[in-house]
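K.L.:
Below you will find the structure I want to go over with you.
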Amino acid sequence: MVLIKETDYGTPARHSDHLVTLEIDGKEVTVPEGTSVMRASVQAGVNVPKLCSTDSLEPFGSCRLCLVEVEGRRGTPASCHTPVEPGMKVTTQSDKLAKLRRGVMELYISDHPLDCLTCPANGDCELQDMAGAVGLREVRYGYDGENHLHEEKDESNPYFTFDPSKCIVCSRCVRACEEVQGTFALTVKGRGFESKISPGDVLFMESECVSCGACVQACPTATLTEKSIIEMGQPEHSVITTCAYCGVGCTFKAEMQGNEVVRMVPFKDGKANHGHSCVKGRFAWGYTSHKDRILNPMVRAKITDPWQEVTWEQAIAHVASEFKRLQKEYGPDSIGGITSSRCTNEETFLVQKLVRAAFGNNNVDTCARVCHSPTGYGLKTTLGTSAGTNDFDSVDQADVIMVIGANPTDAHPVFASHMKRRLRAGARLIVGDPRKIDLVKLPHVQADYYLPLLPGTNVAVINAMAHVVVTEGLVDEEYVRERCDLAAFSRWAEFISDERHSPEAVEEITGVPAETLRGAARLYATGGNAAIYYGLGVTEHSQGSTMVMGMANLAMATGNIGKEGTGVNPLRGQNNVQGSCDMGSFPHEFSGYRHVSDDSVRAIFEEAWAVGLQGEPGLRIPNMFDAAVEGTFKGLYIQGEDVVQSDPNTKHVTAGMAAMECVVVQDLFLNETASYAHVFLPGSTFLEKDGTFTNAERRLGRVRKVLPPKNGYADWEITMLISNAMGYEMNYGHPSEIMDEIARLTPTFTGVSYEKLDRLGSLQWPCNDNAPEGTPVMHKGGFVRGKGLFMITEFVATDERTNDRFPLLLTTGRILTQYNVGAQTRRTANEVWHEEDVLEIHPWDAENRGISDGDLVALSSRAGETTLHARISERMQPGVVYTTFHHPGTAVNVITTEFADWATDCPEYKVTAVQVRRTSKPSEWQQHYNELREKTTHISAEAKA
Ligand code: SF4
Ligand code: SF4
Ligand code: SF4
Ligand code: FES
């Protein structure tokens with residue numbers, strides 16, 4: 001195994017149809033027009049010394065180390081800053097250049113600590129390399145002059161240190177923060193010898209820094225260094241894999257020493273992230289070896305019994321015999337399974353296969369039920385495919401970007417950085433959100449239109465935008481005529497033209513000034529390529545599916561689907577939520593979204609799996625809890641999903657969980673759901689297995705095993721053991737064999753294989769004979785369903801209304817440093833940024849209730865009550881409060897209700913009528929739950945011994 005070192009071309013690639021041929025040190029090279037001489041040199045196999053350049057950043061030209069000679073030109077231009085010209089003859093090595101470079105290096109080294117042997121960057125330091133490359137042998141100025149060697153270290157960030165004594169003020173960090181991350185947290189203070197890098201005269205932890213690590217990666221010296229490198233030393237091999245947090249799906253190099261991860265470095269060739277990352281993927285991997293991880297299987301008869309550790313054989317035999325007993329006593333449909341959107345495609349596929357083939361029913365569902373199921377329904381109905389339309393790179397060609405019900409800078413940070421680059425380059429921006437999210441105003445980014453809509457009024461807003469488009473003659477008629485179902489369009493156009501959908505008519509309902517809405521609609525329709533990006537603020541509503549269809553209507557009407565820079569693009573939450581849906585996790589669909597009632601589809605699976613399959617859809621997650629409470633559903637296998645914390649109306653969920661006789665939880669930690677489990681099967685982390693994840697742009701990326709499973713088995717192997725014990729044989733030797741089966745059985749995946757993934761890096765489905773290398777942009781030239789279908793999207797206000805008792809609306813979301821139920825991020829140093837969920841409340845609402853910043857407040861709805869601390873925030877609009885749901889102690893879902901999307905049962909997390917008041921003690925539920933948790937997480941001391 002080797003340490004993968006990517007080539008640094010010094011300056012970014014340029015794209016042009018015009019090619020330029022030149023000669024560098026006698027070697028001919030041809031590159032696109034606009035390429036720097038430095039980059040052309042590297043392509044020609046000639047490395048020019050450099051310090052201030054790196055190919056993720058625009059050239060800066062400060063270090064003067066990359067000087068070259070060009071035939072016919074005077075002087076020694078900086079190759080990083082000199083564009084190629086046809087016929088140019090460049091010399092990179094000469095006595096004159098060597099002397100000049102040595103002079104530059106002497107100056108750097110005279111003000112640099114000479115502690116290379118004990119420096120953490122020893123062996124991975126560009127300054128050290130350059131000293132060698134220019135043949136530095138002496139420093140004529142000595143080391144006694146004025147210097148920076150006594151500058152103090154800033155160790156405030158939990159993941160990296162800043163040691164200014166080693167800084168060469170190349171400003172790569174400043175530029176990385178600006179150009180790559182878009183945060184602008186760093187500056188160069190002072191001039192000349194006094195120049196210093198500063199995060200704004202405060203410590204890093206007190207600055208605007210979001211700990212993405214781009215500056216650390218860009219730094220050519222040990223000035224900015226990962227603490228893990230300081231503690232453990234340099235890595236000795238690396239493996240390419242995919243981040244296990246969000247739906248951006250960043251590619252990383254896991255850099256290792258033996259079986260220990262030393263650091264995660266975003267991979268430059270990763271097509272979703274292009275070498276960038278956020279604080280979670282780059283730094284928050286410590287949970288994988290956290291002491292809370294459970295590594296041995298455990299069983300117990302009752303949930304209040306202490307857990308008893310058992311062998312894997314005993315645990316699996318127990319699961320199989322319990323599930324068989326339940327099916328015998330209560331019928332074949334009395335058990336089911338929940339697949340995990342944190343696990344790989346292959347693992348998800350096996351769980352649904354286990355349920356359909358071994359359990360003999362279709363009682364399988366996934367957490368997409370509670371997040372993006374309306375995306376699947378809405379986009380399939382209108383366009384023909386249950387997935388986002390465009391790849392991330394397509395944003396580079398968007399002229400108008402509309403972000404609605406999503407907070408990308410927190411929830412999809414790497415894509416947000418990409419989007420911000422495009423916005424800084426001139427794209428226009430519309431933001432729709434009840435809360436003033438960061439994107440509304442950032443350094444060098446400001447929304448052209450901010451729509452401060454009230455929770456629950458998305459459909460009224462999108463209809464009003466469509467109303468403006470239709471009534472002001474902004475429809476792309478040619479596009480509609482050629483590509484859409486005209487009868488459906490006429491019906492829709494008549495419906496949407498009605499005055500009740502006008503911005504003026506809905507102004508009061510939505511809270512968005514009519515003129516703002518009209519302006520946004522006109523910009524979307526006429527501003528060039530327009531792309532919609534949306535998140536759970538769209539889907540988690542009683543009209544989630546209607547809203548998705550409303551966005552598809554608007555995009556079709558304006559010709560904004562089927563080409564780069566456009567589309568209806570869901571920003572999917574979990575790393576593999578797209579994949580878990582693709583793999584047939586829903587109770588009504590096989591892989592590739594084919595209905596279980598379709599005889600011809602079922603026949604394919606019956607033949608391949610050599611078993612009869614049910615043609616009736618099974619239970620969805622909420623129906624499983626209902627049936628459990630009613631006494632007809634008795635056993636559940638849950639792989640990597642914490643339904644007790646993440647699903648709405650916790651009291652109902654826990655009633656369902658408590659009513660079952662055999663709950664099997666497979667997870668890394670004793671999560672909240674495990675409190676109700678009878679069997680705990682320890683799961684494996686993404687570092688411990690092979691497989692694939694599918695990101696929000698339908699991109700399959702490889703997950704590669706970098707260390708053996710600490711628990712003994714990868715999750716797919718555990719599912720296989722259960723299936724075999726149940727009597728349905730599964731014999732896969734490697735996840736690639738599972739993918740081969742998926743490809744055989746799924747028309748949109750027929751061209752997918754591990755060999756191709758290894759060769760191309762990643763693949764976007766559909767990948768088949770029509771698109772052997774995948775499909776970055778869907779619906780090009782025509783919609784997958786044939787003609788685009790406009791759907792009637794009547795706005796129906798949710799039944800969840802404010803009243804005297806509950807006069808405020810609660811909406812929920814995520815924060816950058818934590819991830820969903822927090823099971824992983826709470827077990828990392830990310831806790832320093834967000835130790836608890838807080839309630840954001842507008843100053844007026846706080847004042848009306850006598851609430852001060854930091855007060856403990858009770859948050860109550862008709863479903864329940866919890867307590868948390870208040871944060872007074874102008875981001876909120878009066879009447880709306882907001883919190884995150886990362887901490888089980890907060891139990892925010894005790895508050896959320898049973899209301900759900902009419903089509904898919906996706907819960908209405910984003911709208912709950914609540915009241916807030918000061919309090920001094922935890923809610924009754926919190927007290928009850930803490931006591932229960934105390935009783936249900938006890939591991940028998942005897943077994944542990
Ligand atoms: S901290 Fe590193 S990247 Fe930033 S100026 Fe100093 S040496 Fe260059
Ligand atoms: S870690 Fe990221 S946000 Fe923080 S200073 Fe570095 S580049 Fe900027
Ligand atoms: S943006 Fe998402 S996928 Fe990328 S590093 Fe962050 S959490 Fe991981
Ligand atoms: S690398 Fe060209 S001037 Fe520094």
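Within each chain, counting starts at residue 1; across the structure tokens, chains are named A, B, ... in the order shown, with ligands numbered 1 upward in that order.
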What residues of the protein or nucleic acid chains come within 7 Å of ligand 4 when you use only C-alpha atoms and all ligand atoms? Reply as an NGL selection string.

P.N.:
:A and (50-53 or 59-67 or 78-81)

K.L.:
Please give me, as a list in words, the residues lying within 7 Å of ligand 1 when counting only C-alpha atoms and all ligand atoms.

P.N.:
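After applying the 7 Å limit, what remains is Pro164, Lys166, Cys167, Ile168, Val169, Cys170, Ser171, Arg172, Cys173, Val174, Ile197, Cys215, Ala218, Cys219, Pro220, Thr221, Thr223 and Leu224 of chain A.
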
K.L.:
For the residues selected in the previous step, produce a file with C-alpha atoms as a tab-separated table (two decimals), in the first residue's frame.

P.N.:
```
chain	number	residue	atom	x	y	z
A	164	PRO	CA	3.22	31.83	13.17
A	166	LYS	CA	6.92	29.01	10.79
A	167	CYS	CA	4.86	31.24	8.53
A	168	ILE	CA	6.38	32.46	5.25
A	169	VAL	CA	3.39	34.74	4.55
A	170	CYS	CA	2.73	33.14	1.19
A	171	SER	CA	-0.98	33.83	1.80
A	172	ARG	CA	-2.07	30.47	0.46
A	173	CYS	CA	-4.21	30.09	3.61
A	174	VAL	CA	-5.88	33.46	3.11
A	197	ILE	CA	-1.56	36.15	8.92
A	215	CYS	CA	-6.09	26.67	4.87
A	218	ALA	CA	-3.01	24.79	1.44
A	219	CYS	CA	-0.23	25.71	3.89
A	220	PRO	CA	3.17	24.69	2.47
A	221	THR	CA	4.84	24.72	5.90
A	223	THR	CA	2.39	26.76	10.32
A	224	LEU	CA	-1.12	25.34	9.99
```

K.L.:
Applying 8 Å and only C-alpha atoms, which residues near Asn830 of chain A remain after dropping the ones on its own chain fewer than 5 positions away? List them as a ChimeraX atom specification.

P.N.:
/A:280,284,817-818,825

K.L.:
Could you pull the residues within 8 Å of segment 568-578 of chain A, counting only C-alpha atoms, minus those fewer than 5 positions along the same chain, as a PyMOL selection string?

P.N.:
chain A and resi 243-249+341-345+367-368+371-372+375+387-390+406+408+411-412+531-535+551-552+555+561+693-698

K.L.:
Pull N, CA, C and O atoms from the residues just selected and write them as a short mmCIF file (atom, residue, chain, number, x, y, z; two decimals), in the first residue's frame.

P.N.:
```cif
data_model
loop_
_atom_site.label_atom_id
_atom_site.label_comp_id
_atom_site.auth_asym_id
_atom_site.auth_seq_id
_atom_site.Cartn_x
_atom_site.Cartn_y
_atom_site.Cartn_z
N CYS A 243 -16.84 10.14 2.18
CA CYS A 243 -17.29 10.63 3.49
C CYS A 243 -18.61 9.98 3.88
O CYS A 243 -19.49 9.76 3.04
N ALA A 244 -18.75 9.70 5.16
CA ALA A 244 -19.97 9.02 5.63
C ALA A 244 -20.96 9.99 6.28
O ALA A 244 -21.88 9.57 6.95
N TYR A 245 -20.78 11.28 6.09
CA TYR A 245 -21.74 12.21 6.68
C TYR A 245 -22.83 12.60 5.69
O TYR A 245 -23.81 11.90 5.58
N CYS A 246 -22.65 13.68 4.95
CA CYS A 246 -23.83 14.21 4.25
C CYS A 246 -23.91 13.80 2.79
O CYS A 246 -23.03 13.16 2.25
N GLY A 247 -25.00 14.21 2.15
CA GLY A 247 -25.29 13.81 0.78
C GLY A 247 -24.43 14.49 -0.27
O GLY A 247 -24.64 14.26 -1.46
N VAL A 248 -23.46 15.31 0.13
CA VAL A 248 -22.53 15.84 -0.87
C VAL A 248 -21.62 14.71 -1.36
O VAL A 248 -21.31 14.62 -2.54
N GLY A 249 -21.24 13.82 -0.44
CA GLY A 249 -20.47 12.64 -0.87
C GLY A 249 -19.04 12.96 -1.25
O GLY A 249 -18.54 12.54 -2.31
N SER A 341 -29.74 4.68 5.74
CA SER A 341 -29.15 5.58 4.74
C SER A 341 -27.73 5.98 5.13
O SER A 341 -27.12 6.82 4.48
N ARG A 342 -27.22 5.44 6.23
CA ARG A 342 -25.81 5.63 6.58
C ARG A 342 -24.98 4.48 6.04
O ARG A 342 -23.77 4.57 5.99
N CYS A 343 -25.65 3.36 5.74
CA CYS A 343 -24.91 2.18 5.27
C CYS A 343 -24.74 2.24 3.76
O CYS A 343 -25.29 3.10 3.08
N THR A 344 -24.01 1.27 3.23
CA THR A 344 -23.72 1.28 1.79
C THR A 344 -24.92 0.81 0.99
O THR A 344 -25.87 0.22 1.52
N ASN A 345 -24.85 1.03 -0.32
CA ASN A 345 -25.90 0.53 -1.21
C ASN A 345 -26.04 -0.98 -1.07
O ASN A 345 -27.15 -1.52 -1.03
N CYS A 367 -35.08 5.67 6.29
CA CYS A 367 -35.26 7.01 6.87
C CYS A 367 -35.61 8.04 5.83
O CYS A 367 -36.02 9.14 6.18
N ALA A 368 -35.47 7.72 4.54
CA ALA A 368 -35.92 8.68 3.52
C ALA A 368 -37.41 8.94 3.69
O ALA A 368 -37.92 9.98 3.27
N CYS A 371 -37.55 12.10 5.32
CA CYS A 371 -36.85 13.28 4.79
C CYS A 371 -37.20 13.56 3.35
O CYS A 371 -37.86 14.54 3.05
N HIS A 372 -36.81 12.69 2.41
CA HIS A 372 -36.96 13.07 1.01
C HIS A 372 -37.93 12.20 0.23
O HIS A 372 -37.88 12.20 -1.00
N THR A 375 -39.59 13.99 -2.49
CA THR A 375 -38.77 14.24 -3.68
C THR A 375 -38.97 13.11 -4.68
O THR A 375 -39.19 13.33 -5.87
N ALA A 387 -35.19 11.33 -8.62
CA ALA A 387 -33.86 11.81 -8.22
C ALA A 387 -33.63 13.20 -8.79
O ALA A 387 -34.30 13.62 -9.73
N GLY A 388 -32.64 13.87 -8.20
CA GLY A 388 -32.27 15.21 -8.66
C GLY A 388 -31.83 15.18 -10.11
O GLY A 388 -31.37 14.17 -10.63
N THR A 389 -31.95 16.32 -10.77
CA THR A 389 -31.76 16.34 -12.21
C THR A 389 -30.30 16.59 -12.64
O THR A 389 -29.87 16.06 -13.64
N ASN A 390 -29.56 17.39 -11.86
CA ASN A 390 -28.25 17.86 -12.36
C ASN A 390 -27.10 17.48 -11.43
O ASN A 390 -27.31 17.24 -10.24
N ALA A 406 -33.61 25.11 2.33
CA ALA A 406 -32.31 24.43 2.51
C ALA A 406 -31.35 25.45 3.10
O ALA A 406 -31.49 26.64 2.87
N PRO A 408 -27.60 25.35 2.87
CA PRO A 408 -26.41 24.62 2.42
C PRO A 408 -25.14 24.93 3.19
O PRO A 408 -24.30 24.05 3.34
N ALA A 411 -25.65 22.55 6.15
CA ALA A 411 -26.01 21.14 5.94
C ALA A 411 -25.27 20.50 4.75
O ALA A 411 -25.11 19.28 4.73
N HIS A 412 -24.88 21.29 3.77
CA HIS A 412 -24.17 20.74 2.59
C HIS A 412 -22.99 21.66 2.28
O HIS A 412 -22.90 22.27 1.20
N ALA A 531 -31.42 27.51 -11.65
CA ALA A 531 -31.36 26.21 -10.96
C ALA A 531 -32.01 26.34 -9.59
O ALA A 531 -31.76 27.31 -8.88
N ILE A 532 -32.83 25.35 -9.24
CA ILE A 532 -33.44 25.32 -7.90
C ILE A 532 -32.68 24.29 -7.06
O ILE A 532 -32.47 23.16 -7.50
N TYR A 533 -32.30 24.68 -5.85
CA TYR A 533 -31.73 23.75 -4.87
C TYR A 533 -32.62 23.79 -3.64
O TYR A 533 -32.97 24.87 -3.17
N TYR A 534 -33.00 22.62 -3.17
CA TYR A 534 -33.93 22.60 -2.04
C TYR A 534 -33.58 21.49 -1.07
O TYR A 534 -32.83 20.57 -1.40
N GLY A 535 -34.15 21.60 0.14
CA GLY A 535 -33.87 20.59 1.16
C GLY A 535 -35.13 20.22 1.91
O GLY A 535 -36.24 20.29 1.38
N MET A 551 -42.33 22.94 -7.89
CA MET A 551 -41.03 23.41 -8.38
C MET A 551 -40.75 22.83 -9.78
O MET A 551 -40.20 23.53 -10.64
N ALA A 552 -41.15 21.57 -9.98
CA ALA A 552 -40.96 20.96 -11.31
C ALA A 552 -41.81 21.70 -12.34
O ALA A 552 -41.35 21.97 -13.46
N ALA A 555 -40.06 24.95 -13.17
CA ALA A 555 -38.85 24.73 -13.96
C ALA A 555 -39.20 24.34 -15.40
O ALA A 555 -38.57 24.82 -16.36
N ILE A 561 -35.06 22.68 -17.20
CA ILE A 561 -34.67 21.30 -16.87
C ILE A 561 -34.09 20.67 -18.13
O ILE A 561 -34.57 20.92 -19.23
N PHE A 693 -21.54 4.50 -1.78
CA PHE A 693 -22.58 5.44 -1.36
C PHE A 693 -23.02 6.19 -2.62
O PHE A 693 -22.20 6.44 -3.52
N THR A 694 -24.28 6.60 -2.65
CA THR A 694 -24.77 7.42 -3.77
C THR A 694 -25.15 8.80 -3.23
O THR A 694 -25.98 8.89 -2.32
N ASN A 695 -24.55 9.83 -3.77
CA ASN A 695 -24.77 11.17 -3.22
C ASN A 695 -25.99 11.84 -3.85
O ASN A 695 -26.72 11.24 -4.66
N ALA A 696 -26.17 13.12 -3.51
CA ALA A 696 -27.36 13.84 -3.96
C ALA A 696 -27.43 14.03 -5.46
O ALA A 696 -28.49 14.31 -6.00
N GLU A 697 -26.32 13.90 -6.15
CA GLU A 697 -26.32 14.06 -7.61
C GLU A 697 -26.29 12.69 -8.31
O GLU A 697 -25.79 12.59 -9.41
N ARG A 698 -26.78 11.66 -7.63
CA ARG A 698 -26.85 10.29 -8.15
C ARG A 698 -25.47 9.69 -8.41
O ARG A 698 -25.31 8.78 -9.22
#
```

K.L.:
Could you state the separation of atom CA of His237 of chain A and atom CA of Met38 of chain A in Å, given to one decimal place?

P.N.:
28.5 Å

K.L.:
Counting only C-alpha atoms and all ligand atoms, what residues are within 6 Å of ligand 2, given as a ChimeraX atom specification?

P.N.:
/A:176-177,181,183,185-186,209-215

K.L.:
Save the residues we just selected, C-alpha atoms, as a PDB file, in the first residue's frame?

P.N.:
```
ATOM      1  CA  ALA A 176      -7.890  29.144   0.346  1.00  0.00           C
ATOM      2  CA  CYS A 177     -10.305  30.625   2.855  1.00  0.00           C
ATOM      3  CA  GLN A 181     -14.183  27.945   1.213  1.00  0.00           C
ATOM      4  CA  THR A 183     -15.521  32.381   4.385  1.00  0.00           C
ATOM      5  CA  ALA A 185     -11.874  34.574   7.872  1.00  0.00           C
ATOM      6  CA  LEU A 186      -8.169  35.336   7.344  1.00  0.00           C
ATOM      7  CA  CYS A 209     -13.472  30.379  10.805  1.00  0.00           C
ATOM      8  CA  VAL A 210     -15.693  27.324  10.188  1.00  0.00           C
ATOM      9  CA  SER A 211     -12.842  24.820  10.534  1.00  0.00           C
ATOM     10  CA  CYS A 212     -13.106  23.461   7.013  1.00  0.00           C
ATOM     11  CA  GLY A 213      -9.349  22.920   6.980  1.00  0.00           C
ATOM     12  CA  ALA A 214      -8.781  24.357   3.479  1.00  0.00           C
ATOM     13  CA  CYS A 215      -6.090  26.668   4.868  1.00  0.00           C
TER      14      CYS A 215
END
```

K.L.:
Report as a PyMOL selection string: the residues of segment 249-308 of chain A with a DSSP assignment of strand (DSSP E), based on the backbone of this structure.

P.N.:
chain A and resi 251-257+260-266+298-299+308
